[in-house]
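Asker: What follows is run.txt, made up of compact mmCIF, C-alpha atoms:
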```txt
# COMPACT_ATOMS: atom_id res chain seq x y z
CA MET F 102 127.09 -72.92 -41.44
CA LYS F 103 129.41 -73.39 -38.47
CA PHE F 104 128.61 -77.09 -38.40
CA ARG F 105 129.40 -77.51 -42.10
CA TRP F 106 132.76 -75.76 -41.66
CA LYS F 107 133.71 -78.15 -38.83
CA LYS F 108 132.69 -81.07 -41.00
CA GLU F 109 134.92 -79.95 -43.87
CA VAL F 110 138.04 -79.21 -41.78
CA PRO F 111 139.32 -82.84 -41.81
CA TYR F 112 139.07 -82.94 -45.61
CA LEU F 113 140.95 -79.65 -45.89
CA LEU F 114 143.68 -80.97 -43.61
CA PHE F 115 144.11 -83.99 -45.88
CA LEU F 116 144.34 -81.69 -48.93
CA PHE F 117 146.77 -79.26 -47.32
CA PRO F 118 149.99 -81.34 -47.75
CA ALA F 119 149.14 -81.99 -51.41
CA PHE F 120 148.45 -78.27 -51.88
CA ILE F 121 151.84 -77.36 -50.38
CA VAL F 122 153.68 -79.86 -52.59
CA TYR F 123 151.76 -78.73 -55.70
CA THR F 124 152.49 -75.08 -54.96
CA ALA F 125 156.18 -75.69 -54.27
CA LEU F 126 156.82 -77.95 -57.26
CA ILE F 127 154.39 -76.59 -59.87
CA MET F 128 152.92 -73.15 -59.19
CA TRP F 129 155.98 -71.39 -57.75
CA PRO F 130 158.36 -72.55 -60.56
CA LEU F 131 155.67 -71.57 -63.09
CA LEU F 132 155.43 -68.06 -61.64
CA GLN F 133 159.23 -67.78 -61.61
CA ALA F 134 159.39 -68.92 -65.24
CA PHE F 135 156.77 -66.33 -66.17
CA GLY F 136 158.84 -63.57 -64.58
CA LEU F 137 162.14 -64.74 -66.09
CA SER F 138 160.57 -65.01 -69.56
CA PHE F 139 160.77 -61.20 -69.75
CA THR F 140 164.53 -61.22 -69.07
CA ASP F 141 167.77 -62.32 -70.73
CA TRP F 142 168.58 -64.80 -67.96
CA LYS F 143 171.45 -67.13 -68.91
CA GLY F 144 170.69 -69.77 -66.29
CA TYR F 145 173.72 -69.30 -64.06
CA THR F 146 173.18 -66.29 -61.81
CA MET F 147 170.73 -63.45 -61.29
CA GLU F 148 173.53 -60.88 -61.48
CA GLY F 149 173.45 -58.75 -64.60
CA LEU F 150 169.87 -59.77 -65.30
CA ASN F 151 168.25 -57.43 -67.82
CA TYR F 152 164.56 -56.84 -68.53
CA VAL F 153 163.85 -57.29 -72.26
CA GLY F 154 160.06 -57.02 -72.29
CA LEU F 155 158.30 -59.02 -75.00
CA LYS F 156 161.49 -59.56 -77.00
CA ASN F 157 161.67 -63.27 -76.13
CA TYR F 158 158.04 -63.82 -77.11
CA ILE F 159 158.48 -62.03 -80.43
CA LYS F 160 161.62 -64.01 -81.29
CA ILE F 161 159.77 -67.29 -80.83
CA PHE F 162 157.80 -66.79 -84.03
CA GLY F 163 160.96 -65.88 -85.93
CA ASP F 164 162.69 -69.08 -84.82
CA LYS F 165 162.59 -71.47 -87.79
CA GLU F 166 162.98 -74.59 -85.66
CA MET F 167 160.26 -73.40 -83.29
CA VAL F 168 157.83 -72.83 -86.18
CA TYR F 169 158.51 -76.34 -87.54
CA ALA F 170 158.08 -77.78 -84.05
CA ILE F 171 154.71 -76.05 -83.59
CA LYS F 172 153.51 -77.43 -86.94
CA ASN F 173 154.71 -80.97 -86.13
CA THR F 174 153.15 -80.87 -82.66
CA ILE F 175 149.78 -79.77 -84.05
CA ILE F 176 149.85 -82.51 -86.73
CA TYR F 177 150.75 -85.09 -84.10
CA ALA F 178 148.07 -83.80 -81.69
CA VAL F 179 145.40 -84.11 -84.40
CA PHE F 180 146.21 -87.51 -85.88
CA ASN F 181 147.33 -89.39 -82.76
CA PRO F 182 144.02 -89.00 -80.81
CA MET F 183 141.99 -89.52 -83.99
CA LEU F 184 143.70 -92.78 -84.98
CA VAL F 185 143.74 -94.14 -81.43
CA THR F 186 140.02 -93.43 -80.99
CA VAL F 187 139.06 -94.91 -84.37
CA LEU F 188 140.99 -98.11 -83.58
CA ALA F 189 140.43 -98.39 -79.81
CA VAL F 190 136.62 -98.33 -79.89
CA PRO F 191 136.14 -101.37 -82.20
CA LEU F 192 139.06 -103.11 -80.48
CA ALA F 193 137.33 -102.64 -77.12
CA VAL F 194 134.08 -104.07 -78.54
CA ILE F 195 135.95 -107.14 -79.78
CA LEU F 196 137.86 -107.62 -76.51
CA ASN F 197 134.61 -107.23 -74.55
CA SER F 198 133.05 -110.21 -76.33
CA LYS F 199 132.69 -113.68 -74.84
CA MET F 200 135.81 -115.18 -76.44
CA LYS F 201 137.65 -117.66 -74.25
CA THR F 202 140.99 -115.95 -74.92
CA LYS F 203 139.76 -112.40 -74.24
CA ASN F 204 141.87 -111.98 -71.07
CA PHE F 205 145.03 -113.03 -72.89
CA GLN F 206 144.22 -110.71 -75.78
CA ARG F 207 143.57 -107.79 -73.43
CA ALA F 208 146.94 -108.37 -71.77
CA ALA F 209 148.68 -108.62 -75.15
CA PHE F 210 147.22 -105.33 -76.39
CA PHE F 211 147.82 -103.59 -73.05
CA PHE F 212 151.46 -104.69 -72.75
CA PRO F 213 152.97 -102.05 -75.15
CA SER F 214 151.85 -99.30 -72.77
CA VAL F 215 153.80 -100.81 -69.86
CA PRO F 216 157.45 -100.07 -70.88
CA SER F 217 158.55 -96.44 -71.02
CA ALA F 218 158.14 -94.59 -74.30
CA LEU F 219 161.91 -94.04 -74.37
CA ILE F 220 162.60 -97.79 -74.39
CA LEU F 221 159.94 -98.36 -77.05
CA GLY F 222 161.43 -95.55 -79.12
CA TYR F 223 164.87 -97.16 -79.17
CA LEU F 224 163.29 -100.56 -79.90
CA TRP F 225 161.31 -99.23 -82.87
CA SER F 226 164.31 -97.29 -84.16
CA TYR F 227 165.94 -100.70 -84.58
CA ILE F 228 162.82 -102.24 -86.17
CA MET F 229 162.38 -99.32 -88.58
CA SER F 230 166.06 -98.90 -89.37
CA PRO F 231 166.73 -98.22 -93.08
CA LEU F 232 169.87 -100.35 -92.84
CA ASP F 233 170.05 -104.05 -93.64
CA TYR F 234 169.22 -105.13 -90.09
CA GLY F 235 165.92 -103.22 -90.06
CA VAL F 236 163.18 -105.76 -89.33
CA LEU F 237 160.44 -104.01 -91.33
CA ASN F 238 162.63 -103.49 -94.37
CA ARG F 239 163.55 -107.17 -94.38
CA PHE F 240 159.88 -107.99 -94.89
CA VAL F 241 159.53 -105.24 -97.50
CA THR F 242 162.51 -106.45 -99.53
CA ALA F 243 161.39 -110.09 -99.15
CA LEU F 244 158.14 -109.09 -100.90
CA GLY F 245 160.16 -107.65 -103.79
CA PHE F 246 159.83 -103.94 -102.91
CA GLU F 247 162.49 -101.31 -102.34
CA PRO F 248 163.44 -100.57 -98.70
CA ILE F 249 161.43 -97.74 -97.11
CA LEU F 250 163.22 -94.95 -95.25
CA TRP F 251 160.84 -95.12 -92.29
CA LEU F 252 162.76 -92.71 -90.07
CA ALA F 253 165.14 -91.15 -92.59
CA HIS F 254 162.72 -89.58 -95.08
CA PRO F 255 161.22 -86.19 -94.07
CA LYS F 256 157.74 -87.09 -95.40
CA VAL F 257 157.64 -90.55 -93.81
CA ALA F 258 159.36 -89.98 -90.46
CA LEU F 259 156.50 -88.09 -88.75
CA LEU F 260 153.98 -90.68 -90.00
CA SER F 261 156.19 -93.43 -88.55
CA VAL F 262 156.34 -91.63 -85.19
CA ILE F 263 152.54 -91.32 -85.14
CA LEU F 264 152.06 -95.01 -85.98
CA VAL F 265 154.44 -96.12 -83.22
CA SER F 266 152.70 -93.84 -80.72
CA VAL F 267 149.32 -95.30 -81.70
CA TRP F 268 150.67 -98.83 -81.20
CA ASN F 269 152.03 -97.73 -77.82
CA VAL F 270 148.77 -96.44 -76.27
CA LEU F 271 146.08 -98.30 -78.23
CA GLY F 272 145.59 -101.12 -75.71
CA TRP F 273 145.55 -98.76 -72.73
CA HIS F 274 142.78 -96.62 -74.20
CA ALA F 275 140.88 -99.71 -75.33
CA CYS F 276 140.74 -100.66 -71.63
CA ILE F 277 139.04 -97.32 -70.88
CA TYR F 278 136.33 -98.18 -73.41
CA ILE F 279 136.05 -101.76 -72.10
CA ALA F 280 135.33 -100.41 -68.60
CA GLN F 281 132.55 -98.24 -70.06
CA LEU F 282 131.18 -101.11 -72.17
CA GLN F 283 130.82 -103.32 -69.11
CA GLY F 284 128.47 -100.73 -67.62
CA ILE F 285 126.05 -100.84 -70.56
CA PRO F 286 122.97 -102.96 -69.68
CA GLU F 287 122.66 -106.09 -71.80
CA ASP F 288 118.88 -105.53 -71.90
CA LEU F 289 119.38 -102.75 -74.44
CA PHE F 290 121.05 -105.11 -76.87
CA GLU F 291 118.46 -107.84 -76.28
CA ALA F 292 115.63 -105.40 -77.03
CA ALA F 293 117.42 -104.23 -80.16
CA ARG F 294 117.89 -107.84 -81.39
CA ILE F 295 114.19 -108.54 -80.85
CA ASP F 296 113.38 -105.46 -82.95
CA GLY F 297 115.57 -106.86 -85.72
CA ALA F 298 118.57 -104.55 -85.37
CA THR F 299 121.84 -105.70 -86.96
CA ALA F 300 125.22 -105.68 -85.18
CA ILE F 301 126.28 -102.54 -87.05
CA GLN F 302 123.04 -100.75 -86.15
CA MET F 303 123.46 -101.68 -82.48
CA PHE F 304 127.04 -100.38 -82.56
CA PHE F 305 126.12 -96.96 -83.98
CA ARG F 306 122.74 -96.58 -82.20
CA ILE F 307 123.56 -98.02 -78.75
CA THR F 308 127.25 -98.71 -78.15
CA LEU F 309 128.82 -95.59 -79.63
CA PRO F 310 126.46 -93.03 -78.00
CA LEU F 311 126.89 -94.66 -74.59
CA LEU F 312 130.71 -94.59 -74.99
CA ARG F 313 130.81 -90.78 -75.15
CA PRO F 314 131.86 -90.28 -71.48
CA ALA F 315 134.79 -92.67 -71.94
CA MET F 316 135.58 -91.09 -75.30
CA ALA F 317 135.75 -87.62 -73.73
CA THR F 318 138.20 -88.88 -71.09
CA SER F 319 140.30 -90.80 -73.61
CA VAL F 320 140.53 -87.94 -76.11
CA MET F 321 141.42 -85.43 -73.39
CA LEU F 322 144.27 -87.65 -72.12
CA LEU F 323 145.50 -88.30 -75.66
CA LEU F 324 145.37 -84.62 -76.56
CA ILE F 325 147.30 -83.46 -73.49
CA ASN F 326 149.95 -86.16 -73.91
CA ALA F 327 150.25 -85.43 -77.63
CA LEU F 328 150.83 -81.73 -77.06
CA LYS F 329 153.63 -82.34 -74.56
CA ILE F 330 155.19 -85.36 -76.31
CA PHE F 331 158.97 -85.51 -76.18
CA ASP F 332 160.45 -88.91 -75.30
CA LEU F 333 159.12 -91.13 -78.11
CA PRO F 334 160.01 -88.89 -81.11
CA PHE F 335 163.37 -88.04 -79.54
CA ALA F 336 164.26 -91.71 -79.05
CA LEU F 337 163.08 -92.64 -82.55
CA THR F 338 164.62 -89.86 -84.62
CA GLY F 339 166.21 -87.26 -82.35
CA GLY F 340 163.94 -84.74 -84.05
CA GLY F 341 165.21 -85.43 -87.57
CA PRO F 342 165.66 -85.76 -90.39
CA GLY F 343 166.00 -81.99 -90.44
CA TYR F 344 163.12 -80.65 -88.35
CA SER F 345 160.53 -83.14 -89.65
CA THR F 346 159.86 -84.79 -86.26
CA THR F 347 161.00 -82.02 -83.91
CA MET F 348 158.35 -81.39 -81.26
CA LEU F 349 157.72 -78.19 -79.33
CA SER F 350 158.82 -79.63 -76.00
CA GLN F 351 162.14 -80.68 -77.55
CA VAL F 352 162.83 -77.15 -78.82
CA ILE F 353 161.98 -75.66 -75.42
CA ILE F 354 164.50 -77.98 -73.76
CA GLN F 355 167.04 -77.34 -76.53
CA ARG F 356 166.81 -73.56 -76.20
CA GLY F 357 167.20 -73.68 -72.44
CA PHE F 358 169.66 -76.42 -71.54
CA VAL F 359 171.74 -76.56 -74.74
CA ASP F 360 171.63 -73.06 -76.24
CA LYS F 361 171.50 -71.36 -72.81
CA MET F 362 168.70 -69.03 -73.95
CA TYR F 363 166.63 -69.58 -70.83
CA GLY F 364 164.54 -66.44 -71.28
CA ARG F 365 163.33 -67.50 -74.72
CA SER F 366 162.89 -71.08 -73.55
CA MET F 367 160.68 -69.96 -70.67
CA ALA F 368 158.68 -67.64 -72.94
CA ALA F 369 157.99 -70.60 -75.24
CA ALA F 370 157.08 -72.76 -72.23
CA ILE F 371 154.61 -70.14 -70.95
CA LEU F 372 152.92 -69.84 -74.36
CA PHE F 373 152.87 -73.63 -74.60
CA CYS F 374 151.25 -73.92 -71.16
CA ILE F 375 148.58 -71.35 -72.09
CA PHE F 376 147.90 -73.19 -75.35
CA VAL F 377 147.54 -76.57 -73.61
CA VAL F 378 145.16 -75.12 -71.01
CA ALA F 379 143.07 -73.45 -73.74
CA VAL F 380 142.84 -76.63 -75.80
CA THR F 381 141.90 -78.67 -72.71
CA VAL F 382 139.15 -76.21 -71.72
CA ILE F 383 137.73 -76.17 -75.26
CA GLN F 384 137.83 -79.96 -75.47
CA ARG F 385 136.06 -80.40 -72.11
CA LYS F 386 133.43 -77.83 -73.04
CA ALA F 387 132.81 -79.57 -76.36
CA ALA F 388 132.52 -82.93 -74.58
CA ARG F 389 129.93 -81.54 -72.15
CA GLU F 390 127.85 -80.08 -74.96
CA ASP F 391 127.79 -83.49 -76.67
```
When written as structure tokens, how does the structure in this file appear?

Answerer:
Amino acid sequence: MKFRWKKEVPYLLFLFPAFIVYTALIMWPLLQAFGLSFTDWKGYTMEGLNYVGLKNYIKIFGDKEMVYAIKNTIIYAVFNPMLVTVLAVPLAVILNSKMKTKNFQRAAFFFPSVPSALILGYLWSYIMSPLDYGVLNRFVTALGFEPILWLAHPKVALLSVILVSVWNVLGWHACIYIAQLQGIPEDLFEAARIDGATAIQMFFRITLPLLRPAMATSVMLLLINALKIFDLPFALTGGGPGYSTTMLSQVIIQRGFVDKMYGRSMAAAILFCIFVVAVTVIQRKAARED
């Protein structure tokens, strides 16, 4: 036992600086936020700080904008991972083929994930503009249809945000599946061809089951990023029209830094953190059971 402890000391020493940084930048502010969520802190000074109990937590569910933001975030967190997964898996299969241009195509699909989401948001706000210079509406009107209010109609704006986000991360997650595909032995496909299996049968009977580890990783990353999304919807629509694209992270920032209701903002952030952890644990448990 003594020997094992001596063997592990160097590894612990390497982890210690990271542990200090993580504690100072993540855990300590989180504990402070938890404590301040039970107060009426205004963000300037600790003087005159009053304990309000669960008042901030109760007011969250009476906040109209917060309720809309929770609904939008859940819708986004459901459809973004689902659409990316449905599109990324077949895309990865195609890009893993023996085409001569496969490297160029991989780079082309991966490129949208390189620029920041904020830059892409401003770019797509120009492309989807309902005004005359909107690139998409120029094509729509050229085909003889009426212009579409991509980002200005409450029922279309959230769908537009989801589609742009899918375009943004599709190539990156396809690369995750490509890495997994390259580890599948070719002998399995050769044996299936000899037995007379079609390409579709090989996809559903061999490829898809063996992609489950990559799928679990991809879905978990997509789900976490979808729950804490802020930059892309904010750059595209600013949360509008109305509250149709307002996300939970945006309301948390709004309540704290703009409305100066730091106690309520921190209460929402704590509930949000608990929700994200719960969803992540459930998703990982479900992935292990599969």

Asker: Could you tell me how far atom CA of F:Ala293 lies from atom CA of F:Leu312, in Å and to one decimal?

Answerer: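 Taking atom CA of F:Ala293 and atom CA of F:Leu312, their separation equals 17.2 Å.
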
Asker: Atom CA of F:Leu252 and atom CA of F:Phe162, how far apart in Å?

Answerer: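 Value for the atom CA of F:Phe162-atom CA of F:Leu252 distance: 27.1 Å.
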
Asker: Is it possible to get the residues within 12 Å of (151.9, -98.9, -85.0) (coordinates as in the file, counting all atoms listed in the file) written as a list in words?

Answerer: Asn181, Leu184, Val185, Leu188, Phe210, Pro213, Leu221, Gly222, Trp225, Ile228, Met229, Leu237, Leu260, Ser261, Val262, Ile263, Leu264, Val265, Ser266, Val267, Trp268, Asn269, Val270, Leu271 and Gly272 of chain F

Asker: Residues around (160.3, -77.4, -77.6), cut-off 8 Å, counting all atoms listed in the file - what are they as a VMD selection string?

Answerer: chain F and resid 167 170 347 to 356 366 369 to 370

Asker: Can you tell me how far atom CA of F:Thr140 sits from atom CA of F:Phe358, in Å to one decimal?

Answerer: 16.2 Å

Asker: Neighbours of stretch 319-324 of chain F within 9 Å (all atoms listed in the file; same-chain residues fewer than 4 positions away dropped), as a PDB file with C-alpha atoms, in the frame of the given file?

Answerer:
```pdb
ATOM      1  CA  ALA F 178     148.070 -83.800 -81.690  1.00  0.00           C
ATOM      2  CA  VAL F 179     145.400 -84.110 -84.400  1.00  0.00           C
ATOM      3  CA  ASN F 181     147.330 -89.390 -82.760  1.00  0.00           C
ATOM      4  CA  PRO F 182     144.020 -89.000 -80.810  1.00  0.00           C
ATOM      5  CA  MET F 183     141.990 -89.520 -83.990  1.00  0.00           C
ATOM      6  CA  VAL F 185     143.740 -94.140 -81.430  1.00  0.00           C
ATOM      7  CA  THR F 186     140.020 -93.430 -80.990  1.00  0.00           C
ATOM      8  CA  VAL F 270     148.770 -96.440 -76.270  1.00  0.00           C
ATOM      9  CA  HIS F 274     142.780 -96.620 -74.200  1.00  0.00           C
ATOM     10  CA  ILE F 277     139.040 -97.320 -70.880  1.00  0.00           C
ATOM     11  CA  TYR F 278     136.330 -98.180 -73.410  1.00  0.00           C
ATOM     12  CA  PRO F 314     131.860 -90.280 -71.480  1.00  0.00           C
ATOM     13  CA  ALA F 315     134.790 -92.670 -71.940  1.00  0.00           C
ATOM     14  CA  LEU F 328     150.830 -81.730 -77.060  1.00  0.00           C
ATOM     15  CA  LYS F 329     153.630 -82.340 -74.560  1.00  0.00           C
ATOM     16  CA  VAL F 377     147.540 -76.570 -73.610  1.00  0.00           C
ATOM     17  CA  VAL F 380     142.840 -76.630 -75.800  1.00  0.00           C
ATOM     18  CA  THR F 381     141.900 -78.670 -72.710  1.00  0.00           C
ATOM     19  CA  GLN F 384     137.830 -79.960 -75.470  1.00  0.00           C
ATOM     20  CA  ARG F 385     136.060 -80.400 -72.110  1.00  0.00           C
TER      21      ARG F 385
END
```

Asker: Nearest to F:Ala193: which of F:Trp273, F:Phe290, F:Phe139, F:Phe305 is it, counting all atoms listed in the file?

Answerer: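 Among the listed residues, the smallest separation from F:Ala193 belongs to F:Trp273.
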
Asker: Would it be fine to have stretch 187-203 of chain F, with N, CA and C atoms, given as a tab-separated table (two decimals), in the first residue's frame?

Answerer:
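New file selection-v9.tsv:
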```tsv
chain	number	residue	atom	x	y	z
F	187	VAL	N	-28.93	12.95	-36.81
F	187	VAL	CA	-29.56	12.35	-38.00
F	187	VAL	C	-28.79	12.70	-39.27
F	188	LEU	N	-28.22	13.90	-39.33
F	188	LEU	CA	-27.49	14.32	-40.53
F	188	LEU	C	-26.00	13.95	-40.48
F	189	ALA	N	-25.41	13.98	-39.30
F	189	ALA	CA	-23.96	13.75	-39.19
F	189	ALA	C	-23.57	12.31	-39.45
F	190	VAL	N	-24.40	11.36	-39.04
F	190	VAL	CA	-24.05	9.94	-39.22
F	190	VAL	C	-23.97	9.57	-40.70
F	191	PRO	N	-25.00	9.81	-41.52
F	191	PRO	CA	-24.85	9.50	-42.95
F	191	PRO	C	-23.78	10.34	-43.64
F	192	LEU	N	-23.62	11.60	-43.19
F	192	LEU	CA	-22.56	12.43	-43.77
F	192	LEU	C	-21.19	11.83	-43.49
F	193	ALA	N	-20.99	11.32	-42.28
F	193	ALA	CA	-19.71	10.69	-41.94
F	193	ALA	C	-19.47	9.45	-42.78
F	194	VAL	N	-20.52	8.66	-43.03
F	194	VAL	CA	-20.39	7.46	-43.87
F	194	VAL	C	-19.96	7.85	-45.28
F	195	ILE	N	-20.56	8.91	-45.81
F	195	ILE	CA	-20.22	9.38	-47.16
F	195	ILE	C	-18.78	9.89	-47.20
F	196	LEU	N	-18.40	10.70	-46.20
F	196	LEU	CA	-17.06	11.28	-46.18
F	196	LEU	C	-15.98	10.25	-45.84
F	197	ASN	N	-16.40	9.08	-45.34
F	197	ASN	CA	-15.44	8.01	-45.04
F	197	ASN	C	-15.23	7.08	-46.22
F	198	SER	N	-15.92	7.34	-47.32
F	198	SER	CA	-15.78	6.49	-48.51
F	198	SER	C	-14.45	6.77	-49.21
F	199	LYS	N	-14.24	6.09	-50.32
F	199	LYS	CA	-12.95	6.17	-51.02
F	199	LYS	C	-12.96	7.20	-52.14
F	200	MET	N	-13.76	8.24	-52.02
F	200	MET	CA	-13.78	9.31	-53.02
F	200	MET	C	-12.44	10.05	-53.03
F	201	LYS	N	-12.02	10.48	-54.20
F	201	LYS	CA	-10.75	11.18	-54.31
F	201	LYS	C	-10.78	12.55	-53.65
F	202	THR	N	-11.95	13.15	-53.58
F	202	THR	CA	-12.08	14.50	-53.01
F	202	THR	C	-12.54	14.48	-51.55
F	203	LYS	N	-12.42	13.33	-50.87
F	203	LYS	CA	-12.97	13.23	-49.52
F	203	LYS	C	-12.28	14.18	-48.54
```
